[in-house]
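Heads up, upload.pdb below (PDB, C-alpha atoms and all ligand atoms):
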ATOM      1  CA  MET A   1     -65.190  29.312  63.263
ATOM      2  CA  LYS A   2     -63.382  31.864  61.096
ATOM      3  CA  LEU A   3     -66.056  34.473  61.784
ATOM      4  CA  LYS A   4     -66.015  33.835  65.501
ATOM      5  CA  MET A   5     -62.252  34.220  65.471
ATOM      6  CA  THR A   6     -62.409  37.516  63.622
ATOM      7  CA  LEU A   7     -65.026  38.856  65.999
ATOM      8  CA  LEU A   8     -62.951  37.880  69.000
ATOM      9  CA  ALA A   9     -59.852  39.505  67.557
ATOM     10  CA  ALA A  10     -61.855  42.630  66.810
ATOM     11  CA  SER A  11     -63.329  42.769  70.299
ATOM     12  CA  LEU A  12     -59.865  42.303  71.755
ATOM     13  CA  ILE A  13     -58.564  45.243  69.758
ATOM     14  CA  VAL A  14     -61.593  47.381  70.627
ATOM     15  CA  SER A  15     -61.296  46.582  74.313
ATOM     16  CA  MET A  16     -57.608  47.386  74.141
ATOM     17  CA  THR A  17     -57.915  50.641  72.270
ATOM     18  CA  GLY A  18     -61.018  51.751  74.132
ATOM     19  CA  THR A  19     -63.323  54.586  73.227
ATOM     20  CA  ALA A  20     -64.218  56.344  76.477
ATOM     21  CA  LYS A  21     -61.738  58.925  77.707
ATOM     22  CA  ALA A  22     -61.268  57.157  81.029
ATOM     23  CA  ASP A  23     -60.291  54.043  79.090
ATOM     24  CA  ASP A  24     -57.703  55.620  76.847
ATOM     25  CA  PRO A  25     -54.485  53.546  76.691
ATOM     26  CA  SER A  26     -52.501  56.590  75.571
ATOM     27  CA  LYS A  27     -53.343  58.234  78.925
ATOM     28  CA  LEU A  28     -51.647  55.527  80.997
ATOM     29  CA  ASN A  29     -48.526  56.451  82.936
ATOM     30  CA  ASP A  30     -45.212  54.578  82.613
ATOM     31  CA  LEU A  31     -45.934  52.282  85.568
ATOM     32  CA  GLU A  32     -49.371  51.386  84.249
ATOM     33  CA  ILE A  33     -47.887  50.747  80.799
ATOM     34  CA  ALA A  34     -45.261  48.510  82.405
ATOM     35  CA  HIS A  35     -48.064  46.598  84.147
ATOM     36  CA  VAL A  36     -49.971  46.095  80.884
ATOM     37  CA  ALA A  37     -46.833  44.846  79.156
ATOM     38  CA  TYR A  38     -46.052  42.443  81.969
ATOM     39  CA  VAL A  39     -49.609  41.085  81.929
ATOM     40  CA  ALA A  40     -49.534  40.795  78.132
ATOM     41  CA  ASP A  41     -46.297  38.770  78.365
ATOM     42  CA  VAL A  42     -47.677  36.497  81.070
ATOM     43  CA  ILE A  43     -50.845  35.884  79.034
ATOM     44  CA  ASP A  44     -48.868  34.761  76.000
ATOM     45  CA  ILE A  45     -46.784  32.481  78.227
ATOM     46  CA  ARG A  46     -50.017  30.940  79.553
ATOM     47  CA  TYR A  47     -51.319  30.352  76.014
ATOM     48  CA  ALA A  48     -47.997  28.683  75.207
ATOM     49  CA  HIS A  49     -48.194  26.347  78.197
ATOM     50  CA  LEU A  50     -51.719  25.408  77.129
ATOM     51  CA  ALA A  51     -50.377  24.638  73.637
ATOM     52  CA  LEU A  52     -47.604  22.448  75.056
ATOM     53  CA  ALA A  53     -50.183  20.554  77.100
ATOM     54  CA  ILE A  54     -52.767  20.065  74.336
ATOM     55  CA  SER A  55     -51.045  20.126  70.935
ATOM     56  CA  SER A  56     -49.104  17.213  69.479
ATOM     57  CA  ASN A  57     -47.823  19.233  66.515
ATOM     58  CA  PRO A  58     -43.997  19.642  66.762
ATOM     59  CA  ASP A  59     -44.087  23.034  64.989
ATOM     60  CA  ILE A  60     -46.629  24.314  67.495
ATOM     61  CA  HIS A  61     -44.429  23.022  70.313
ATOM     62  CA  GLU A  62     -41.348  24.817  68.929
ATOM     63  CA  PHE A  63     -43.339  28.008  68.475
ATOM     64  CA  ALA A  64     -44.836  27.820  71.977
ATOM     65  CA  LYS A  65     -41.397  27.222  73.519
ATOM     66  CA  THR A  66     -40.079  30.289  71.689
ATOM     67  CA  MET A  67     -42.976  32.352  73.052
ATOM     68  CA  ILE A  68     -42.172  31.211  76.597
ATOM     69  CA  ARG A  69     -38.414  31.767  76.202
ATOM     70  CA  ASP A  70     -38.733  35.231  74.631
ATOM     71  CA  HIS A  71     -41.540  36.607  76.796
ATOM     72  CA  GLU A  72     -39.748  35.394  79.916
ATOM     73  CA  ALA A  73     -36.558  37.107  78.702
ATOM     74  CA  VAL A  74     -38.443  40.375  78.187
ATOM     75  CA  ASN A  75     -40.149  40.143  81.582
ATOM     76  CA  GLU A  76     -36.809  39.461  83.239
ATOM     77  CA  GLN A  77     -35.432  42.675  81.697
ATOM     78  CA  ALA A  78     -38.583  44.572  82.677
ATOM     79  CA  LEU A  79     -38.373  43.422  86.300
ATOM     80  CA  ALA A  80     -34.669  44.273  86.436
ATOM     81  CA  LEU A  81     -35.383  47.754  85.118
ATOM     82  CA  LEU A  82     -38.281  48.322  87.523
ATOM     83  CA  GLY A  83     -36.036  47.145  90.348
ATOM     84  CA  LYS A  84     -33.332  49.553  89.274
ATOM     85  CA  LEU A  85     -35.858  52.397  89.097
ATOM     86  CA  ASN A  86     -37.247  51.242  92.437
ATOM     87  CA  ALA A  87     -40.746  51.290  90.937
ATOM     88  CA  GLN A  88     -43.809  49.039  91.170
ATOM     89  CA  PRO A  89     -46.020  48.430  88.136
ATOM     90  CA  GLN A  90     -49.579  49.732  88.606
ATOM     91  CA  ASP A  91     -52.698  47.709  87.845
ATOM     92  CA  ASN A  92     -55.191  49.481  85.554
ATOM     93  CA  PHE A  93     -58.288  49.022  83.349
ATOM     94  CA  LEU A  94     -56.328  47.732  80.384
ATOM     95  CA  SER A  95     -54.449  45.059  82.344
ATOM     96  CA  GLN A  96     -57.776  43.933  83.786
ATOM     97  CA  SER A  97     -59.504  43.805  80.423
ATOM     98  CA  LEU A  98     -56.604  41.821  78.932
ATOM     99  CA  GLN A  99     -56.746  39.370  81.845
ATOM    100  CA  LYS A 100     -60.475  38.906  81.433
ATOM    101  CA  GLY A 101     -60.158  38.284  77.687
ATOM    102  CA  ALA A 102     -57.382  35.780  78.297
ATOM    103  CA  GLU A 103     -59.367  33.833  80.909
ATOM    104  CA  GLU A 104     -62.233  33.442  78.450
ATOM    105  CA  LEU A 105     -59.965  32.393  75.642
ATOM    106  CA  ILE A 106     -58.093  29.861  77.763
ATOM    107  CA  THR A 107     -61.400  28.326  78.837
ATOM    108  CA  GLU A 108     -62.477  28.137  75.206
ATOM    109  CA  MET A 109     -59.178  26.804  73.836
ATOM    110  CA  SER A 110     -58.825  24.165  76.534
ATOM    111  CA  GLN A 111     -61.949  22.457  75.136
ATOM    112  CA  LEU A 112     -60.335  22.038  71.707
ATOM    113  CA  ARG A 113     -58.192  19.131  70.519
ATOM    114  CA  GLY A 114     -56.030  18.221  67.511
ATOM    115  CA  ASP A 115     -56.093  20.427  64.416
ATOM    116  CA  ALA A 116     -58.905  22.558  65.835
ATOM    117  CA  PHE A 117     -56.716  23.556  68.752
ATOM    118  CA  ASP A 118     -53.618  24.147  66.592
ATOM    119  CA  LYS A 119     -55.551  26.433  64.247
ATOM    120  CA  ARG A 120     -57.178  28.350  67.046
ATOM    121  CA  TYR A 121     -53.885  28.760  68.887
ATOM    122  CA  ALA A 122     -51.944  29.907  65.801
ATOM    123  CA  GLU A 123     -54.667  32.310  64.705
ATOM    124  CA  ASN A 124     -54.943  33.781  68.162
ATOM    125  CA  GLU A 125     -51.178  34.198  68.401
ATOM    126  CA  LEU A 126     -51.242  36.182  65.173
ATOM    127  CA  ALA A 127     -54.213  38.329  66.260
ATOM    128  CA  TYR A 128     -52.839  38.790  69.762
ATOM    129  CA  HIS A 129     -49.355  39.895  68.674
ATOM    130  CA  LYS A 130     -50.872  42.191  66.054
ATOM    131  CA  ALA A 131     -53.126  43.846  68.625
ATOM    132  CA  VAL A 132     -50.389  44.163  71.242
ATOM    133  CA  ASN A 133     -47.882  45.497  68.698
ATOM    134  CA  ASN A 134     -50.354  48.076  67.511
ATOM    135  CA  LEU A 135     -50.969  49.167  71.091
ATOM    136  CA  VAL A 136     -47.252  49.323  71.960
ATOM    137  CA  GLU A 137     -46.381  51.186  68.777
ATOM    138  CA  THR A 138     -49.186  53.745  68.695
ATOM    139  CA  ALA A 139     -50.304  54.209  72.312
ATOM    140  CA  PHE A 140     -47.339  53.255  74.494
ATOM    141  CA  ILE A 141     -43.987  54.124  72.907
ATOM    142  CA  PRO A 142     -44.968  57.717  71.968
ATOM    143  CA  ASN A 143     -46.170  58.348  75.548
ATOM    144  CA  ILE A 144     -43.542  56.669  77.712
ATOM    145  CA  GLU A 145     -41.604  59.312  79.630
ATOM    146  CA  ASN A 146     -38.660  57.348  81.043
ATOM    147  CA  ALA A 147     -35.963  56.834  78.387
ATOM    148  CA  GLU A 148     -34.864  53.416  79.661
ATOM    149  CA  VAL A 149     -38.436  52.153  79.807
ATOM    150  CA  LYS A 150     -38.996  53.460  76.276
ATOM    151  CA  SER A 151     -35.925  51.708  74.928
ATOM    152  CA  LEU A 152     -36.997  48.430  76.563
ATOM    153  CA  PHE A 153     -40.389  48.755  74.858
ATOM    154  CA  GLU A 154     -38.680  49.389  71.527
ATOM    155  CA  ALA A 155     -36.641  46.210  71.976
ATOM    156  CA  GLY A 156     -39.782  44.373  73.056
ATOM    157  CA  LEU A 157     -41.675  45.566  69.995
ATOM    158  CA  GLU A 158     -38.884  44.201  67.798
ATOM    159  CA  ILE A 159     -39.340  40.784  69.411
ATOM    160  CA  PHE A 160     -43.134  40.799  69.203
ATOM    161  CA  LYS A 161     -42.991  41.798  65.537
ATOM    162  CA  ALA A 162     -40.744  38.802  64.933
ATOM    163  CA  HIS A 163     -43.346  36.699  66.746
ATOM    164  CA  GLU A 164     -46.067  38.179  64.560
ATOM    165  CA  SER A 165     -44.238  37.025  61.395
ATOM    166  CA  HIS A 166     -43.549  33.673  63.012
ATOM    167  CA  ALA A 167     -47.253  33.359  63.906
ATOM    168  CA  GLU A 168     -48.138  34.151  60.301
ATOM    169  CA  MET A 169     -45.961  31.206  59.217
ATOM    170  CA  MET A 170     -47.674  28.999  61.811
ATOM    171  CA  VAL A 171     -51.147  29.973  60.618
ATOM    172  CA  LYS A 172     -50.179  28.982  57.056
ATOM    173  CA  LYS A 173     -48.689  25.698  58.286
ATOM    174  CA  VAL A 174     -51.744  24.563  60.229
ATOM    175  CA  ASN A 175     -54.290  25.608  57.600
TER     176      ASN A 175
ATOM    177  CA  MET B   1       3.644  68.735  43.520
ATOM    178  CA  GLN B   2       2.558  68.160  47.094
ATOM    179  CA  ARG B   3      -0.695  66.620  45.823
ATOM    180  CA  ARG B   4       1.058  64.329  43.390
ATOM    181  CA  HIS B   5       3.222  63.021  46.189
ATOM    182  CA  PHE B   6       0.164  62.293  48.284
ATOM    183  CA  LEU B   7      -1.445  60.337  45.451
ATOM    184  CA  GLN B   8       1.672  58.233  44.983
ATOM    185  CA  THR B   9       1.684  57.394  48.686
ATOM    186  CA  SER B  10      -1.948  56.306  48.547
ATOM    187  CA  VAL B  11      -1.276  54.053  45.598
ATOM    188  CA  ALA B  12       1.653  52.532  47.451
ATOM    189  CA  ALA B  13      -0.514  51.939  50.503
ATOM    190  CA  LEU B  14      -3.132  50.225  48.383
ATOM    191  CA  ALA B  15      -0.506  48.030  46.822
ATOM    192  CA  VAL B  16       0.693  46.942  50.269
ATOM    193  CA  THR B  17      -2.852  46.125  51.398
ATOM    194  CA  GLY B  18      -3.404  44.121  48.254
ATOM    195  CA  SER B  19      -0.259  42.086  48.655
ATOM    196  CA  SER B  20      -0.957  41.280  52.306
ATOM    197  CA  SER B  21      -4.255  39.669  51.409
ATOM    198  CA  ALA B  22      -2.508  37.773  48.628
ATOM    199  CA  ILE B  23      -0.070  36.386  51.178
ATOM    200  CA  HIS B  24      -3.026  35.470  53.364
ATOM    201  CA  ALA B  25      -4.576  33.562  50.483
ATOM    202  CA  THR B  26      -1.491  31.513  49.775
ATOM    203  CA  THR B  27      -0.493  30.668  53.365
ATOM    204  CA  LYS B  28      -4.103  30.172  54.544
ATOM    205  CA  THR B  29      -3.563  31.620  57.996
ATOM    206  CA  PRO B  30      -6.852  30.978  59.824
ATOM    207  CA  ALA B  31      -8.866  34.160  60.037
ATOM    208  CA  HIS B  32     -11.344  35.236  62.670
ATOM    209  CA  HIS B  33     -14.847  36.492  61.796
ATOM    210  CA  ASP B  34     -17.499  38.142  63.919
ATOM    211  CA  ILE B  35     -21.206  37.727  63.287
ATOM    212  CA  THR B  36     -23.570  39.848  65.316
ATOM    213  CA  ILE B  37     -27.135  38.767  65.967
ATOM    214  CA  SER B  38     -29.099  41.955  66.259
ATOM    215  CA  ARG B  39     -32.746  42.842  65.751
ATOM    216  CA  PHE B  40     -33.489  39.273  64.610
ATOM    217  CA  LYS B  41     -30.835  39.286  61.897
ATOM    218  CA  PHE B  42     -27.426  37.675  61.431
ATOM    219  CA  VAL B  43     -25.006  40.436  60.426
ATOM    220  CA  PRO B  44     -23.439  39.756  58.003
ATOM    221  CA  ASP B  45     -25.916  37.162  56.750
ATOM    222  CA  THR B  46     -23.527  35.794  54.133
ATOM    223  CA  LEU B  47     -19.879  35.184  54.935
ATOM    224  CA  ASP B  48     -16.940  33.754  52.982
ATOM    225  CA  VAL B  49     -14.796  31.566  55.221
ATOM    226  CA  ARG B  50     -12.061  28.934  54.981
ATOM    227  CA  ILE B  51     -11.728  25.619  56.775
ATOM    228  CA  GLY B  52      -9.933  26.316  60.062
ATOM    229  CA  ASP B  53     -11.178  29.909  60.389
ATOM    230  CA  THR B  54     -13.094  30.813  63.508
ATOM    231  CA  ILE B  55     -16.433  32.600  63.804
ATOM    232  CA  THR B  56     -17.829  34.236  66.915
ATOM    233  CA  TRP B  57     -21.577  34.754  67.047
ATOM    234  CA  LEU B  58     -22.591  37.473  69.512
ATOM    235  CA  ASN B  59     -26.255  37.942  70.443
ATOM    236  CA  LYS B  60     -27.166  41.575  71.086
ATOM    237  CA  ASP B  61     -30.913  40.913  71.385
ATOM    238  CA  ILE B  62     -32.876  40.304  74.563
ATOM    239  CA  ALA B  63     -34.419  37.217  72.943
ATOM    240  CA  PRO B  64     -32.212  34.099  72.982
ATOM    241  CA  HIS B  65     -31.088  32.823  69.573
ATOM    242  CA  THR B  66     -29.043  30.019  68.024
ATOM    243  CA  ALA B  67     -27.013  29.589  64.857
ATOM    244  CA  THR B  68     -27.886  26.109  63.586
ATOM    245  CA  ALA B  69     -27.271  24.319  60.271
ATOM    246  CA  ASN B  70     -30.393  23.797  58.171
ATOM    247  CA  ASP B  71     -29.430  20.096  58.089
ATOM    248  CA  ASP B  72     -28.701  20.114  61.857
ATOM    249  CA  SER B  73     -25.065  19.081  61.296
ATOM    250  CA  TRP B  74     -23.773  21.818  63.632
ATOM    251  CA  THR B  75     -25.136  24.366  66.067
ATOM    252  CA  THR B  76     -24.197  26.895  68.687
ATOM    253  CA  ASP B  77     -25.713  26.594  72.154
ATOM    254  CA  GLU B  78     -28.598  28.853  73.105
ATOM    255  CA  LEU B  79     -27.151  32.370  73.100
ATOM    256  CA  GLY B  80     -28.839  34.663  75.605
ATOM    257  CA  LYS B  81     -28.493  38.421  75.717
ATOM    258  CA  LYS B  82     -24.838  39.465  75.246
ATOM    259  CA  GLN B  83     -23.687  35.830  75.077
ATOM    260  CA  SER B  84     -21.330  34.667  72.370
ATOM    261  CA  GLN B  85     -19.868  31.430  71.097
ATOM    262  CA  THR B  86     -16.950  30.687  68.801
ATOM    263  CA  LEU B  87     -16.835  27.749  66.412
ATOM    264  CA  THR B  88     -14.034  26.579  64.120
ATOM    265  CA  ILE B  89     -15.071  26.087  60.520
ATOM    266  CA  THR B  90     -15.191  22.510  59.293
ATOM    267  CA  THR B  91     -16.215  21.194  55.872
ATOM    268  CA  GLU B  92     -19.811  20.415  56.812
ATOM    269  CA  MET B  93     -20.426  23.998  57.897
ATOM    270  CA  SER B  94     -20.719  25.151  54.303
ATOM    271  CA  GLY B  95     -24.231  26.251  53.472
ATOM    272  CA  LYS B  96     -27.323  27.646  55.051
ATOM    273  CA  TYR B  97     -28.034  28.038  58.715
ATOM    274  CA  TYR B  98     -30.836  29.584  60.778
ATOM    275  CA  CYS B  99     -32.068  30.255  64.296
ATOM    276  CA  VAL B 100     -33.949  27.252  65.685
ATOM    277  CA  TYR B 101     -36.092  29.536  67.826
ATOM    278  CA  HIS B 102     -36.936  32.017  65.045
ATOM    279  CA  PRO B 103     -36.898  30.042  61.788
ATOM    280  CA  HIS B 104     -37.276  33.149  59.637
ATOM    281  CA  MET B 105     -33.746  34.213  60.687
ATOM    282  CA  LYS B 106     -31.589  32.863  57.876
ATOM    283  CA  ALA B 107     -27.908  33.117  56.924
ATOM    284  CA  LYS B 108     -25.202  31.378  54.925
ATOM    285  CA  LEU B 109     -21.533  30.387  55.163
ATOM    286  CA  ILE B 110     -19.608  30.021  51.922
ATOM    287  CA  ILE B 111     -16.431  27.972  52.175
ATOM    288  CA  THR B 112     -13.739  29.181  49.797
ATOM    289  CA  SER B 113     -10.450  27.394  49.310
TER     290      SER B 113
HETATM  291 CU    CU C 201     -33.641  33.653  67.072
END
structure tokens encoding of this file:
Amino acid sequence: MKLKMTLLAASLIVSMTGTAKADDPSKLNDLEIAHVAYVADVIDIRYAHLALAISSNPDIHEFAKTMIRDHEAVNEQALALLGKLNAQPQDNFLSQSLQKGAEELITEMSQLRGDAFDKRYAENELAYHKAVNNLVETAFIPNIENAEVKSLFEAGLEIFKAHESHAEMMVKKVN
Amino acid sequence: MQRRHFLQTSVAALAVTGSSSAIHATTKTPAHHDITISRFKFVPDTLDVRIGDTITWLNKDIAPHTATANDDSWTTDELGKKQSQTLTITTEMSGKYYCVYHPHMKAKLIITS
């Protein structure tokens, strides 16, 4: 179980960082980056809804509700900014690979019950926020051209780092 | 000579400031305090207050937060971006509080008499 988890986290990070030039996250433009971020938010909201449906652990419920509340708040700001800039986010390889990974994980997690689900959910939340934060910090923020978009990503990173610490607490609680 | 005069004025000003806070201590005029919630921190995270004082919590983050007693005896509402709420200090508000949504956000009110 542990090994499988680590492998999945690793493959998520590899698929997100990419190796081929065509699949280089640091080459994405602002509108593609915005799309990735939006998709990443929506994915975490979907994981949270799954947790609310399956878990009976009150700590997991509180955590999942925070994920929904915060990621929705960030997406609301992102949509407002895109509206103001009169821009549409652009789908790209990274958004698609994140979506695909999430579909697989949701299928897998929806088979689990009780402690097994809680552990899997908490561990994935930690791995997922770590991977996304790494991506935002190293590939996105240094390459975003629009100052307002950049500052929204900096605020977003602050939130996701808080989630990462929170997820660390959750992992300890359920193990 | 000029410099000496300046120093004397400063000392006098300090003395006035000192005495005004002494008056405040004896008459216990309720004071107002501001706590900012920014970057997942309560600022300041420790505050000396008196019964009857007021505190305004202002959330500057995008993420919604709360200020809630560790023992649940009091709480603000959910504070969204740029929202604030003012509470009047009562006896039970002494002690630790946190954000219900982000439990690692911790702070403390110290009630002095
Ligand atoms: Cu909070």
I'd like to know which of B:Ala31, B:Leu87, B:Ala63, B:Ala107 is closest to ligand CU 201 (chain C), using only C-alpha atoms and all ligand atoms.
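The shortest atom-to-atom distance to ligand CU 201 (chain C) comes from B:Ala63.
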For each of B:Asn59, B:Thr90, B:Thr29, B:Thr75, take the minimum atom-to-atom distance to ligand CU 201 (chain C), counting all atoms listed in the file, then give the residue where this is smallest.
B:Asn59
Can you turn the PyMOL selection byres ((chain A) within 12 of (chain B)) into a concrete residue list for this file, as number ranges by chain?
A: 59-78, 151-170
How would the residues just picked look written out with C-alpha atoms as a CSV table (one decimal), in the coordinates of the input?
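File produced: part.csv:
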chain,number,residue,atom,x,y,z
A,59,ASP,CA,-44.1,23.0,65.0
A,60,ILE,CA,-46.6,24.3,67.5
A,61,HIS,CA,-44.4,23.0,70.3
A,62,GLU,CA,-41.3,24.8,68.9
A,63,PHE,CA,-43.3,28.0,68.5
A,64,ALA,CA,-44.8,27.8,72.0
A,65,LYS,CA,-41.4,27.2,73.5
A,66,THR,CA,-40.1,30.3,71.7
A,67,MET,CA,-43.0,32.4,73.1
A,68,ILE,CA,-42.2,31.2,76.6
A,69,ARG,CA,-38.4,31.8,76.2
A,70,ASP,CA,-38.7,35.2,74.6
A,71,HIS,CA,-41.5,36.6,76.8
A,72,GLU,CA,-39.7,35.4,79.9
A,73,ALA,CA,-36.6,37.1,78.7
A,74,VAL,CA,-38.4,40.4,78.2
A,75,ASN,CA,-40.1,40.1,81.6
A,76,GLU,CA,-36.8,39.5,83.2
A,77,GLN,CA,-35.4,42.7,81.7
A,78,ALA,CA,-38.6,44.6,82.7
A,151,SER,CA,-35.9,51.7,74.9
A,152,LEU,CA,-37.0,48.4,76.6
A,153,PHE,CA,-40.4,48.8,74.9
A,154,GLU,CA,-38.7,49.4,71.5
A,155,ALA,CA,-36.6,46.2,72.0
A,156,GLY,CA,-39.8,44.4,73.1
A,157,LEU,CA,-41.7,45.6,70.0
A,158,GLU,CA,-38.9,44.2,67.8
A,159,ILE,CA,-39.3,40.8,69.4
A,160,PHE,CA,-43.1,40.8,69.2
A,161,LYS,CA,-43.0,41.8,65.5
A,162,ALA,CA,-40.7,38.8,64.9
A,163,HIS,CA,-43.3,36.7,66.7
A,164,GLU,CA,-46.1,38.2,64.6
A,165,SER,CA,-44.2,37.0,61.4
A,166,HIS,CA,-43.5,33.7,63.0
A,167,ALA,CA,-47.3,33.4,63.9
A,168,GLU,CA,-48.1,34.2,60.3
A,169,MET,CA,-46.0,31.2,59.2
A,170,MET,CA,-47.7,29.0,61.8
Residue with smallest distance to B:Asp48 - pool B:Gln83, B:Ser94, B:Thr112, B:Thr76, counting only C-alpha atoms
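Among the listed residues, the smallest separation from B:Asp48 belongs to B:Thr112.
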Taking all atoms listed in the file into account, which of A:Pro89, A:Gly83, A:Gly101, A:Pro58 comes nearest A:Leu28?
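Nearest to A:Leu28: A:Pro89.
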Once the PyMOL selection byres (((chain B and resi 56) around 10) and not hetatm) has been applied to the shown file, what residues remain in the selection, as an MDAnalysis selection string?
chainID B and resid 32:36 54:55 57:59 76 84:88
Å distance separating atom CA of A:Gln99 from atom CA of A:Glu145, one decimal place
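Atom-to-atom, atom CA of A:Gln99 to atom CA of A:Glu145, that is 25.1 Å.
Counting only C-alpha atoms, the residue from B:Thr91, B:Ile37, B:Pro44, B:Lys96 that sits nearest to B:Ser113 is B:Thr91.
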Between atom CA of A:Val42 and atom CA of A:Asn175, distance in Å (one decimal):
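Between atom CA of A:Val42 and atom CA of A:Asn175 the gap works out to 26.7 Å.
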